[in-house]
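Novice: Supplied structure: query.cif, mmCIF, C-alpha atoms and all ligand atoms.
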data_model
loop_
_atom_site.label_atom_id
_atom_site.label_comp_id
_atom_site.auth_asym_id
_atom_site.auth_seq_id
_atom_site.Cartn_x
_atom_site.Cartn_y
_atom_site.Cartn_z
CA MET A 1 102.91 67.43 20.49
CA ASP A 2 104.32 67.46 24.00
CA ALA A 3 106.24 64.19 24.48
CA GLN A 4 104.71 63.46 27.85
CA LEU A 5 101.18 63.83 26.49
CA ARG A 6 102.01 61.61 23.52
CA GLN A 7 103.19 59.07 26.08
CA GLY A 8 99.90 59.53 27.91
CA PHE A 9 97.93 58.44 24.81
CA LEU A 10 100.03 55.27 24.67
CA GLU A 11 99.56 54.65 28.37
CA PHE A 12 95.80 55.04 27.98
CA ARG A 13 95.94 52.09 25.63
CA ALA A 14 98.00 50.08 28.09
CA PHE A 15 96.41 50.98 31.39
CA VAL A 16 92.90 52.31 30.79
CA ASN A 17 91.14 50.54 27.94
CA PRO A 18 93.00 49.10 24.95
CA LEU A 19 89.83 48.39 22.97
CA VAL A 20 88.65 51.98 23.18
CA ALA A 21 91.97 52.97 21.66
CA LEU A 22 91.61 50.23 19.04
CA ARG A 23 88.09 51.34 18.16
CA ALA A 24 89.30 54.91 17.63
CA GLN A 25 92.07 53.63 15.41
CA LEU A 26 89.74 51.38 13.38
CA VAL A 27 87.28 54.19 12.59
CA GLY A 28 90.07 56.66 11.92
CA GLU A 29 89.04 58.84 14.82
CA PRO A 30 91.39 61.79 15.38
CA TYR A 31 92.27 61.00 18.97
CA LEU A 32 95.81 62.45 19.19
CA LEU A 33 94.23 65.81 19.89
CA ASP A 34 96.75 68.35 20.91
CA GLN A 35 95.16 71.73 21.35
CA VAL A 36 92.18 73.98 20.92
CA VAL A 37 92.61 76.76 18.38
CA ASP A 38 89.71 79.17 17.79
CA GLY A 39 87.30 76.65 19.26
CA ARG A 40 88.45 73.83 16.97
CA LEU A 41 90.37 70.72 18.05
CA VAL A 42 93.76 70.39 16.42
CA ASP A 43 95.57 67.06 16.25
CA ALA A 44 99.25 66.20 16.38
CA GLU A 45 99.54 66.63 12.60
CA GLY A 46 98.01 70.09 12.69
CA MET A 47 94.64 69.08 11.21
CA ALA A 48 91.75 71.08 12.72
CA TYR A 49 88.37 69.54 13.55
CA THR A 50 84.99 71.05 14.26
CA ASP A 51 83.44 69.13 17.15
CA LEU A 52 79.81 68.49 16.22
CA LEU A 53 79.39 66.42 19.38
CA SER A 54 80.38 69.12 21.91
CA GLY A 55 82.52 66.54 23.70
CA TRP A 56 79.46 64.38 24.42
CA GLY A 57 77.42 67.48 25.27
CA THR A 58 79.85 68.93 27.78
CA GLN A 59 81.35 71.66 25.57
CA ALA A 60 78.17 73.59 24.84
CA PHE A 61 80.05 76.87 25.42
CA GLY A 62 82.90 75.81 23.18
CA HIS A 63 86.10 73.98 24.04
CA ARG A 64 88.06 75.89 26.68
CA SER A 65 85.51 78.62 27.16
CA PRO A 66 87.50 81.75 28.16
CA ALA A 67 84.78 82.97 30.54
CA VAL A 68 84.68 79.66 32.42
CA GLU A 69 88.45 79.50 32.58
CA ALA A 70 88.72 83.11 33.84
CA ALA A 71 86.27 82.30 36.65
CA LEU A 72 88.24 79.20 37.62
CA ILE A 73 91.55 81.09 37.57
CA ALA A 74 90.08 83.88 39.72
CA TYR A 75 88.86 81.30 42.22
CA LEU A 76 92.24 79.52 42.27
CA GLN A 77 94.01 82.81 42.89
CA GLY A 78 91.88 83.39 45.99
CA ALA A 79 92.07 81.53 49.29
CA SER A 80 88.58 80.02 49.61
CA PRO A 81 88.39 76.36 50.67
CA SER A 82 87.72 73.74 48.01
CA ILE A 83 85.58 71.70 50.36
CA TYR A 84 83.71 73.01 53.40
CA PRO A 85 83.75 70.44 56.22
CA SER A 86 80.29 71.62 57.29
CA GLY A 87 79.00 70.77 53.85
CA ILE A 88 77.68 74.34 53.68
CA SER A 89 79.37 75.84 50.65
CA PRO A 90 78.67 79.41 49.58
CA PHE A 91 79.48 78.44 45.99
CA ALA A 92 76.85 75.69 46.06
CA GLY A 93 74.44 78.17 47.63
CA LEU A 94 75.03 80.75 44.91
CA LEU A 95 74.68 78.15 42.18
CA ALA A 96 71.46 76.72 43.61
CA ALA A 97 70.01 80.24 43.86
CA ARG A 98 70.95 80.99 40.24
CA LEU A 99 69.32 77.75 39.13
CA GLU A 100 66.17 78.67 41.06
CA GLN A 101 66.11 82.04 39.26
CA ARG A 102 66.50 80.31 35.91
CA CYS A 103 64.02 77.48 36.24
CA GLY A 104 62.06 77.78 39.48
CA TYR A 105 63.27 74.67 41.30
CA ASP A 106 64.10 75.68 44.87
CA ALA A 107 65.84 72.53 46.12
CA ALA A 108 69.12 71.37 44.61
CA PHE A 109 71.34 68.36 45.17
CA PHE A 110 74.76 68.58 43.52
CA ALA A 111 76.96 65.71 42.37
CA SER A 112 79.64 65.18 39.75
CA GLY A 113 78.30 62.81 37.07
CA GLY A 114 74.94 62.73 35.35
CA SER A 115 74.21 59.24 36.56
CA GLU A 116 74.57 60.38 40.16
CA ALA A 117 71.94 63.05 39.61
CA VAL A 118 69.63 60.36 38.21
CA GLU A 119 70.28 58.18 41.28
CA ALA A 120 69.38 61.13 43.49
CA ALA A 121 66.09 61.51 41.59
CA LEU A 122 65.25 57.80 41.90
CA LYS A 123 65.91 57.84 45.64
CA LEU A 124 63.87 61.05 45.96
CA ALA A 125 60.95 59.35 44.21
CA ARG A 126 60.95 56.31 46.46
CA GLY A 127 61.60 58.35 49.60
CA ALA A 128 58.97 61.01 48.87
CA THR A 129 56.18 58.66 47.83
CA GLY A 130 56.91 55.58 49.94
CA LYS A 131 56.16 53.58 46.79
CA PRO A 132 58.54 51.13 45.13
CA ARG A 133 57.92 51.17 41.39
CA ILE A 134 59.72 53.29 38.83
CA ALA A 135 58.71 53.52 35.19
CA CYS A 136 61.06 54.63 32.46
CA ILE A 137 60.73 54.72 28.68
CA LYS A 138 62.06 52.03 26.35
CA GLY A 139 65.15 53.23 24.53
CA ALA A 140 66.37 55.15 27.57
CA TYR A 141 69.91 56.08 28.48
CA HIS A 142 70.22 57.54 31.99
CA GLY A 143 73.81 56.55 32.73
CA CYS A 144 75.76 53.53 33.88
CA THR A 145 75.30 53.27 37.66
CA PHE A 146 73.02 50.46 38.81
CA GLY A 147 69.92 52.61 39.25
CA SER A 148 70.40 54.15 35.83
CA VAL A 149 71.27 50.84 34.22
CA ALA A 150 68.00 49.38 35.52
CA MET A 151 66.30 51.90 33.19
CA MET A 152 68.68 51.28 30.29
CA GLN A 153 67.47 50.07 26.91
CA ALA A 154 68.00 46.30 26.66
CA GLY A 155 71.27 45.45 24.96
CA PRO A 156 74.98 45.55 25.64
CA TYR A 157 74.87 48.46 28.11
CA ARG A 158 72.42 46.54 30.29
CA ASP A 159 72.15 42.84 29.73
CA ILE A 160 75.29 41.43 31.33
CA PHE A 161 74.91 43.42 34.55
CA GLY A 162 71.71 41.90 35.92
CA PRO A 163 69.99 41.29 38.22
CA HIS A 164 68.88 44.89 38.04
CA LEU A 165 67.25 47.16 40.58
CA PRO A 166 63.84 45.57 41.13
CA GLN A 167 60.48 47.21 40.39
CA VAL A 168 61.77 49.22 37.44
CA ASP A 169 59.82 48.80 34.20
CA ALA A 170 60.17 50.34 30.77
CA LEU A 171 57.08 51.69 29.01
CA PRO A 172 57.05 51.43 25.21
CA ALA A 173 57.77 54.95 23.91
CA GLY A 174 54.62 56.82 22.88
CA ASP A 175 52.24 53.97 23.84
CA MET A 176 49.21 55.70 25.40
CA ASP A 177 47.62 52.49 26.70
CA ALA A 178 50.80 51.46 28.50
CA LEU A 179 51.01 54.97 29.94
CA GLU A 180 47.41 54.78 31.21
CA ARG A 181 48.13 51.43 32.87
CA ALA A 182 51.22 52.89 34.55
CA LEU A 183 49.31 55.97 35.75
CA ALA A 184 46.71 53.69 37.33
CA ASP A 185 49.33 51.71 39.27
CA PRO A 186 49.03 52.54 43.00
CA GLN A 187 52.60 51.32 43.57
CA LEU A 188 54.20 53.65 41.02
CA ALA A 189 56.52 56.28 42.53
CA ALA A 190 57.73 58.04 39.40
CA ILE A 191 58.00 58.12 35.64
CA VAL A 192 61.45 59.06 34.34
CA ILE A 193 61.72 60.42 30.81
CA GLU A 194 64.32 62.12 28.63
CA PRO A 195 62.72 65.11 26.87
CA ILE A 196 64.53 63.83 23.77
CA GLN A 197 65.87 60.29 23.79
CA VAL A 198 69.27 60.94 22.31
CA GLU A 199 70.89 57.52 22.49
CA ALA A 200 67.72 55.90 21.14
CA GLY A 201 68.18 57.92 17.95
CA VAL A 202 67.24 61.51 18.83
CA ARG A 203 63.59 60.62 19.35
CA VAL A 204 61.24 63.46 20.27
CA PRO A 205 58.15 62.43 22.27
CA ASP A 206 54.73 63.16 20.84
CA PRO A 207 53.13 66.32 22.38
CA ALA A 208 49.94 64.37 23.19
CA TYR A 209 52.03 61.83 25.12
CA LEU A 210 53.75 64.59 27.10
CA GLU A 211 50.43 66.25 27.81
CA ARG A 212 48.97 63.07 29.30
CA LEU A 213 52.20 62.42 31.20
CA CYS A 214 52.11 65.91 32.69
CA GLY A 215 48.40 65.66 33.50
CA GLY A 216 48.52 62.17 35.00
CA THR A 217 51.45 62.79 37.33
CA GLY A 218 51.91 65.35 40.09
CA PRO A 219 53.81 66.30 43.23
CA ASP A 220 51.30 64.46 45.42
CA GLY A 221 50.93 61.41 43.21
CA ILE A 222 53.30 59.85 40.72
CA LEU A 223 56.34 62.10 40.36
CA LEU A 224 57.42 63.16 36.90
CA ILE A 225 61.19 63.22 36.50
CA ALA A 226 62.77 64.74 33.40
CA ASP A 227 66.35 63.72 32.73
CA GLU A 228 67.65 66.90 31.10
CA ILE A 229 71.29 65.85 31.14
CA GLN A 230 71.36 65.97 27.33
CA THR A 231 68.55 68.41 26.64
CA GLY A 232 68.97 70.97 29.43
CA MET A 233 71.26 74.01 29.62
CA GLY A 234 69.79 75.59 26.51
CA ARG A 235 70.47 72.73 24.10
CA THR A 236 66.99 72.65 22.55
CA GLY A 237 66.48 76.43 22.53
CA HIS A 238 64.98 76.53 26.04
CA PHE A 239 66.86 76.61 29.35
CA LEU A 240 65.15 73.29 30.12
CA ASP A 241 63.38 71.50 27.30
CA SER A 242 60.67 70.54 29.82
CA GLY A 243 60.20 74.27 30.47
CA ALA A 244 57.92 74.22 27.41
CA TRP A 245 55.80 71.26 28.67
CA PRO A 246 52.23 71.74 29.91
CA ARG A 247 53.50 71.27 33.49
CA GLN A 248 56.97 71.49 34.97
CA PRO A 249 58.26 68.09 36.11
CA ASP A 250 58.59 67.42 39.84
CA ALA A 251 62.31 66.85 39.49
CA VAL A 252 64.87 67.39 36.76
CA THR A 253 68.48 66.34 36.33
CA LEU A 254 71.24 68.42 34.77
CA GLY A 255 74.83 67.51 33.96
CA LYS A 256 77.29 67.74 31.08
CA ALA A 257 77.43 71.47 30.14
CA LEU A 258 76.46 72.53 33.69
CA GLY A 259 80.17 72.41 34.60
CA GLY A 260 81.04 74.81 31.78
CA GLY A 261 82.91 72.05 29.97
CA ALA A 262 85.74 72.24 32.49
CA MET A 263 84.46 70.56 35.64
CA PRO A 264 82.33 67.50 36.34
CA LEU A 265 79.10 68.86 37.81
CA SER A 266 75.55 67.56 37.91
CA ALA A 267 72.40 68.53 39.76
CA MET A 268 69.08 67.03 40.74
CA LEU A 269 66.58 69.85 41.10
CA THR A 270 63.20 69.58 42.75
CA ARG A 271 60.82 71.60 44.91
CA ARG A 272 61.21 72.09 48.64
CA PRO A 273 58.02 70.24 49.76
CA ILE A 274 59.06 67.12 47.82
CA PHE A 275 62.67 67.34 49.02
CA ASP A 276 61.50 67.80 52.62
CA ARG A 277 59.33 64.72 52.49
CA VAL A 278 62.55 62.72 52.20
CA TYR A 279 65.23 64.83 53.84
CA GLY A 280 63.16 67.16 56.03
CA GLN A 281 64.17 65.75 59.43
CA LEU A 282 67.48 66.40 61.14
CA ALA A 283 68.23 62.70 61.34
CA LEU A 284 67.68 62.29 57.61
CA ALA A 285 68.96 65.60 56.26
CA GLU A 286 72.20 64.13 54.92
CA VAL A 287 71.35 60.52 54.21
CA HIS A 288 71.88 61.02 50.51
CA ALA A 289 75.29 62.57 50.05
CA SER A 290 78.27 62.93 47.73
CA THR A 291 81.69 63.94 49.08
CA PHE A 292 82.62 66.08 46.10
CA GLY A 293 79.04 67.17 45.34
CA GLY A 294 78.93 70.96 45.26
CA ASN A 295 82.70 71.41 45.59
CA SER A 296 83.89 74.95 45.03
CA LEU A 297 85.71 74.52 41.76
CA ALA A 298 82.79 72.71 40.12
CA CYS A 299 80.28 75.28 41.37
CA VAL A 300 82.46 78.20 40.22
CA ALA A 301 82.46 76.64 36.76
CA GLY A 302 78.69 76.15 37.01
CA LEU A 303 78.16 79.78 37.97
CA ALA A 304 80.26 80.91 35.00
CA ALA A 305 78.29 78.60 32.70
CA LEU A 306 74.97 80.06 33.88
CA GLU A 307 76.35 83.57 33.47
CA LEU A 308 77.11 82.76 29.83
CA LEU A 309 73.79 81.06 29.23
CA ASP A 310 71.58 84.14 29.20
CA ASP A 311 68.38 84.50 27.18
CA ALA A 312 70.33 85.90 24.24
CA MET A 313 72.49 82.78 24.06
CA ILE A 314 69.44 80.51 24.27
CA ASP A 315 67.82 82.48 21.42
CA GLU A 316 71.06 81.99 19.48
CA VAL A 317 70.80 78.23 20.00
CA ALA A 318 67.29 78.32 18.54
CA ARG A 319 68.45 80.46 15.60
CA LYS A 320 71.51 78.32 14.87
CA GLY A 321 69.35 75.21 15.22
CA HIS A 322 67.02 76.49 12.47
CA LEU A 323 70.00 77.39 10.33
CA LEU A 324 71.57 73.95 10.71
CA ARG A 325 68.25 72.25 10.07
CA ALA A 326 67.68 74.27 6.90
CA ALA A 327 71.19 73.44 5.67
CA LEU A 328 70.60 69.73 6.40
CA ASP A 329 67.26 69.86 4.58
CA GLU A 330 69.07 71.30 1.57
CA HIS A 331 72.26 69.22 1.46
CA VAL A 332 71.52 66.02 3.38
CA ALA A 333 67.80 65.20 3.19
CA PRO A 334 67.88 64.54 -0.60
CA SER A 335 70.31 61.61 -0.20
CA PRO A 336 68.65 58.22 -0.67
CA LEU A 337 70.65 57.13 2.41
CA VAL A 338 68.65 59.49 4.64
CA GLY A 339 65.37 58.31 6.15
CA ALA A 340 64.59 61.25 8.42
CA ILE A 341 66.06 64.30 10.11
CA ARG A 342 64.68 65.13 13.54
CA GLY A 343 65.37 66.90 16.81
CA LYS A 344 65.20 70.41 18.21
CA GLY A 345 67.53 73.37 18.60
CA LEU A 346 71.14 72.25 18.35
CA LEU A 347 70.28 68.61 19.04
CA LEU A 348 69.55 66.95 15.73
CA GLY A 349 69.61 63.37 14.46
CA ILE A 350 69.97 62.08 10.91
CA ALA A 351 68.42 58.62 10.56
CA LEU A 352 70.20 56.65 7.85
CA GLN A 353 68.98 53.71 5.78
CA ALA A 354 71.51 51.65 3.87
CA PRO A 355 70.64 49.48 0.88
CA ASP A 356 70.93 45.74 1.42
CA HIS A 357 74.43 45.54 -0.04
CA PRO A 358 77.41 43.87 1.65
CA CYS A 359 79.54 47.03 1.46
CA TYR A 360 77.32 48.56 4.17
CA GLN A 361 77.90 45.71 6.62
CA PHE A 362 80.45 45.31 9.37
CA ASP A 363 81.68 41.86 8.32
CA TYR A 364 82.62 43.27 4.90
CA LEU A 365 84.44 46.09 6.70
CA GLY A 366 86.49 43.60 8.72
CA ALA A 367 84.58 43.77 12.00
CA PRO A 368 82.39 40.62 11.99
CA GLU A 369 81.94 40.93 15.77
CA LEU A 370 79.69 43.92 15.04
CA ALA A 371 77.74 42.23 12.22
CA ALA A 372 74.43 42.58 14.06
CA GLN A 373 74.72 46.38 13.98
CA PRO A 374 74.17 48.66 10.99
CA ALA A 375 77.54 49.99 9.75
CA ILE A 376 76.32 52.97 7.73
CA GLY A 377 76.47 55.40 10.68
CA MET A 378 80.10 54.54 11.50
CA MET A 379 80.98 54.77 7.81
CA LEU A 380 79.59 58.29 7.72
CA VAL A 381 81.41 59.19 10.94
CA HIS A 382 84.65 57.94 9.35
CA ARG A 383 84.14 60.09 6.23
CA LEU A 384 83.38 63.13 8.39
CA TYR A 385 86.64 62.73 10.30
CA LYS A 386 88.44 62.94 6.97
CA ALA A 387 86.54 66.13 6.18
CA GLY A 388 87.48 67.72 9.52
CA PHE A 389 84.31 67.10 11.54
CA ILE A 390 83.88 65.07 14.72
CA ALA A 391 80.43 63.53 14.95
CA GLN A 392 79.03 60.33 16.42
CA ILE A 393 76.24 57.83 16.15
CA CYS A 394 73.66 57.19 18.89
CA GLY A 395 74.54 54.57 21.51
CA HIS A 396 71.38 52.47 21.02
CA ALA A 397 70.78 53.38 17.37
CA TRP A 398 73.92 53.08 15.30
CA GLN A 399 72.09 54.09 12.12
CA VAL A 400 71.44 57.59 13.52
CA LEU A 401 74.07 60.32 13.32
CA ARG A 402 73.69 62.84 16.14
CA LEU A 403 74.62 66.49 15.79
CA GLN A 404 74.99 68.55 18.95
CA PRO A 405 77.56 71.25 18.18
CA PRO A 406 78.72 73.89 20.66
CA TYR A 407 76.49 76.97 20.82
CA THR A 408 79.52 79.01 19.78
CA THR A 409 79.94 77.23 16.44
CA PRO A 410 80.06 79.90 13.71
CA ASP A 411 77.17 79.83 11.22
CA ALA A 412 79.61 79.18 8.38
CA GLU A 413 80.90 76.02 10.10
CA LEU A 414 77.34 74.73 10.57
CA ALA A 415 76.67 75.27 6.88
CA ALA A 416 79.98 73.60 6.00
CA CYS A 417 79.08 70.62 8.16
CA ALA A 418 75.80 70.10 6.29
CA ARG A 419 77.66 70.27 2.96
CA ALA A 420 80.30 67.81 4.23
CA ILE A 421 77.63 65.36 5.37
CA GLY A 422 75.93 65.64 1.98
CA GLU A 423 79.22 64.97 0.15
CA ALA A 424 80.07 62.04 2.43
CA LEU A 425 76.63 60.52 1.79
CA ASP A 426 77.12 60.86 -1.98
CA TYR A 427 80.45 59.05 -1.65
CA LEU A 428 78.89 56.28 0.47
CA TRP A 429 75.97 55.86 -1.94
CA ASP A 430 78.39 55.37 -4.83
CA LEU A 431 80.19 52.54 -3.05
CA GLN A 432 77.66 49.90 -4.15
N1 LIG B 501 71.21 60.87 31.35
C1 LIG B 501 71.31 61.12 30.05
C2 LIG B 501 70.08 61.53 29.31
C3 LIG B 501 72.53 60.98 29.41
O1 LIG B 501 72.61 61.19 28.09
C4 LIG B 501 73.68 60.62 30.15
C5 LIG B 501 75.05 60.49 29.53
N2 LIG B 501 75.13 60.43 28.17
C6 LIG B 501 73.52 60.38 31.51
C7 LIG B 501 72.28 60.52 32.08
C8 LIG B 501 74.68 59.94 32.35
O2 LIG B 501 75.59 60.97 32.58
P1 LIG B 501 77.07 60.61 33.04
O3 LIG B 501 77.72 59.88 31.93
O4 LIG B 501 77.69 61.95 33.33
O5 LIG B 501 76.94 59.78 34.28
#
Would you mind writing the file's structure down as structure tokens?
Specialist:
Amino acid sequence: MDAQLRQGFLEFRAFVNPLVALRAQLVGEPYLLDQVVDGRLVDAEGMAYTDLLSGWGTQAFGHRSPAVEAALIAYLQGASPSIYPSGISPFAGLLAARLEQRCGYDAAFFASGGSEAVEAALKLARGATGKPRIACIKGAYHGCTFGSVAMMQAGPYRDIFGPHLPQVDALPAGDMDALERALADPQLAAIVIEPIQVEAGVRVPDPAYLERLCGGTGPDGILLIADEIQTGMGRTGHFLDSGAWPRQPDAVTLGKALGGGAMPLSAMLTRRPIFDRVYGQLALAEVHASTFGGNSLACVAGLAALELLDDAMIDEVARKGHLLRAALDEHVAPSPLVGAIRGKGLLLGIALQAPDHPCYQFDYLGAPELAAQPAIGMMLVHRLYKAGFIAQICGHAWQVLRLQPPYTTPDAELAACARAIGEALDYLWDLQ
């Protein structure tokens, strides 16, 4: 490994976040990653890993996608500005037009992080409706800025940062009565929902709930906002997961894979009449802004990502999703440690249930600080590292292993991953 990069890993520990480095060390996470070889991550010792997490969803097209990199190199070899002082960027224009072709939303706001796209949607909702209240769904994860954190599931990501943005309330997931009460609230501007709540444990909403949500909201009433930062860009076997809902939401957010895995890029997409209600006067046209939003390099990466993500690739996601699910049903579901397998496309969750034995608890494993959390998920993650797979648990549900591999993962690697999870679960079961 390049000596300067090795030094960089040490300096991360010293100058960025020592406990993140410690956590990686404790769970045996392969973090001295050196290079990408045939789509796999190779560490300083030469061990290759299949990334079942897609770099937290960003690497949907595979690590170091050649097509995205070629587009970036071509742009860098030209002479176009990175930032247009007018704010009118042809690259942002092209990207917004491509997004409109793909999913019908004709008004785009670009930013860098997912959370910023969520903020843009929250401000759109208040601005467009003139109403103050926002409803979200319990278990949510919409990012870590203050607006997003106001919608965060109660717990460590949220609790110490209060007071939170006022007039934001969480509806219990799937509770029809609570939904009816929210829909009857004359002060409600919007309902924000993740098509699949990933951090809550890869929870898929009930179709009847979505139907009522779609029917009870609308562009002239309570806005429906789908946070597609995890589920969008083909992940569930549709360009947008909400594309299969009874009605298209009034606004959606995209992030993660939108930048082709190379650039930070997010978008809040809506329809022109809603956008214009907020920003449709000259004096207000730019009152929500982001300096780097829509910068050339990010949009070039976004254009390359959309070029890759054609219908054939989305069909492949659906096919590979079925294949992975079938392999998990065969090798993983029979384990007594598995409660359920759920999800859609290449976004699957394995809910684990550990027996009441001390070997499955954090204090036994030497981390009493974490004793309130289930340890079984981390134990499985640890075993998978040893087997050459990078996977993770869900942020609000540590007993759920999430699988969201790149769309380019070969079928044989998906099958091998299911076998490896099955073997790891057998090993963990025998620990008692
Ligand atoms: N929304 C959802 C559904 C997410 O999963 C995330 C990140 N995991 C975000 C928003 C925030 O995105 P970012 O971390 O890029 O701000």
Novice: If we count only C-alpha atoms and set the cut-off at 9 Å, which residues sit around segment 116-124 of chain A, ignoring sequence neighbours fewer than 2 positions away in its own chain? Please answer as a VMD selection string.
Specialist: chain A and resid 109 to 114 126 to 129 134 142 to 143 145 to 148 189 to 190 192 225 227 229 251 to 255 266 to 270 274 to 275 277 to 279 288 to 290
Novice: Considering only C-alpha atoms, can you say which of A:Leu297, A:Ile376, A:Leu179, A:Ala262 comes closest to Gln77 of chain A?
Specialist: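 Ranking A:Leu297, A:Ile376, A:Leu179, A:Ala262 by distance to Gln77 of chain A, first place goes to A:Leu297.
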Novice: For segment 164-169 of chain A, list every protein, DNA or RNA residue within 8 Å, evaluated using all atoms listed in the file, and leave out those in the same chain fewer than 5 positions away; present the list as a PDB file with C-alpha atoms, keeping the file's coordinate frame.
Specialist:
ATOM      1  CA  PRO A 132      58.540  51.130  45.130  1.00  0.00           C
ATOM      2  CA  ARG A 133      57.920  51.170  41.390  1.00  0.00           C
ATOM      3  CA  ILE A 134      59.720  53.290  38.830  1.00  0.00           C
ATOM      4  CA  ALA A 135      58.710  53.520  35.190  1.00  0.00           C
ATOM      5  CA  CYS A 136      61.060  54.630  32.460  1.00  0.00           C
ATOM      6  CA  PHE A 146      73.020  50.460  38.810  1.00  0.00           C
ATOM      7  CA  GLY A 147      69.920  52.610  39.250  1.00  0.00           C
ATOM      8  CA  VAL A 149      71.270  50.840  34.220  1.00  0.00           C
ATOM      9  CA  ALA A 150      68.000  49.380  35.520  1.00  0.00           C
ATOM     10  CA  MET A 151      66.300  51.900  33.190  1.00  0.00           C
TER      11      MET A 151
END
Novice: Quick one: everything within 6 Å of Tyr49 of chain A, counting all atoms listed in the file, minus sequence neighbours fewer than 3 positions away in the same chain. Send it as a list in words.
Specialist: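 My list of contacting residues is Arg40, Leu41, Gly388 and Phe389 of chain A.
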Novice: Which is closest to ligand LIG 501 (chain B) among A:Thr231, A:Ser115, A:Ser65, A:Gln59, if we use all atoms listed in the file?
Specialist: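 With all atoms listed in the file as the atom set, the closest residue is A:Ser115.
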Novice: Fewer than 4 positions away in the same chain doesn't count, so skip those; otherwise give me all residues within 7 Å of segment 316-320 of chain A, counting only C-alpha atoms, as a short mmCIF file (atom, residue, chain, number, x, y, z; two decimals) with C-alpha atoms, keeping the file's coordinate frame.
Specialist:
data_model
loop_
_atom_site.label_atom_id
_atom_site.label_comp_id
_atom_site.auth_asym_id
_atom_site.auth_seq_id
_atom_site.Cartn_x
_atom_site.Cartn_y
_atom_site.Cartn_z
CA ARG A 235 70.47 72.73 24.10
CA THR A 236 66.99 72.65 22.55
CA GLY A 237 66.48 76.43 22.53
CA ALA A 312 70.33 85.90 24.24
CA LEU A 324 71.57 73.95 10.71
CA GLY A 345 67.53 73.37 18.60
CA LEU A 346 71.14 72.25 18.35
CA TYR A 407 76.49 76.97 20.82
CA ASP A 411 77.17 79.83 11.22
#
Novice: Could you pull the residues within 12 Å of segment 383-385 of chain A, counting only C-alpha atoms, minus those fewer than 5 positions along the same chain, as a ChimeraX atom specification?
Specialist: /A:24-25,27-31,41,43,47-52,376-378,390-393,401,403,416-428
Novice: How about completing segment 162-171 of chain A with N, CA, C and O atoms and giving it to me as a compact mmCIF listing (two decimals), in the frame of the given file?
Specialist:
# COMPACT_ATOMS: atom_id res chain seq x y z
N GLY A 162 72.83 42.26 35.06
CA GLY A 162 71.71 41.90 35.92
C GLY A 162 72.16 41.02 37.07
O GLY A 162 73.28 40.50 37.04
N PRO A 163 71.35 40.75 38.09
CA PRO A 163 69.99 41.29 38.22
C PRO A 163 69.99 42.79 38.50
O PRO A 163 70.86 43.30 39.19
N HIS A 164 68.97 43.43 37.94
CA HIS A 164 68.88 44.89 38.04
C HIS A 164 68.03 45.31 39.24
O HIS A 164 67.33 44.50 39.83
N LEU A 165 68.08 46.59 39.52
CA LEU A 165 67.25 47.16 40.58
C LEU A 165 65.81 46.70 40.35
O LEU A 165 65.28 46.88 39.25
N PRO A 166 65.19 46.09 41.37
CA PRO A 166 63.84 45.57 41.13
C PRO A 166 62.80 46.69 41.03
O PRO A 166 63.06 47.82 41.44
N GLN A 167 61.65 46.33 40.47
CA GLN A 167 60.48 47.21 40.39
C GLN A 167 60.72 48.41 39.45
O GLN A 167 60.16 49.48 39.66
N VAL A 168 61.56 48.19 38.46
CA VAL A 168 61.77 49.22 37.44
C VAL A 168 61.30 48.64 36.11
O VAL A 168 61.75 47.57 35.72
N ASP A 169 60.37 49.32 35.46
CA ASP A 169 59.82 48.80 34.20
C ASP A 169 59.88 49.86 33.12
O ASP A 169 59.68 51.05 33.39
N ALA A 170 60.10 49.41 31.90
CA ALA A 170 60.17 50.34 30.77
C ALA A 170 58.85 50.35 30.02
O ALA A 170 58.32 49.29 29.65
N LEU A 171 58.31 51.54 29.80
CA LEU A 171 57.08 51.69 29.01
C LEU A 171 57.47 51.87 27.55
O LEU A 171 58.40 52.64 27.25
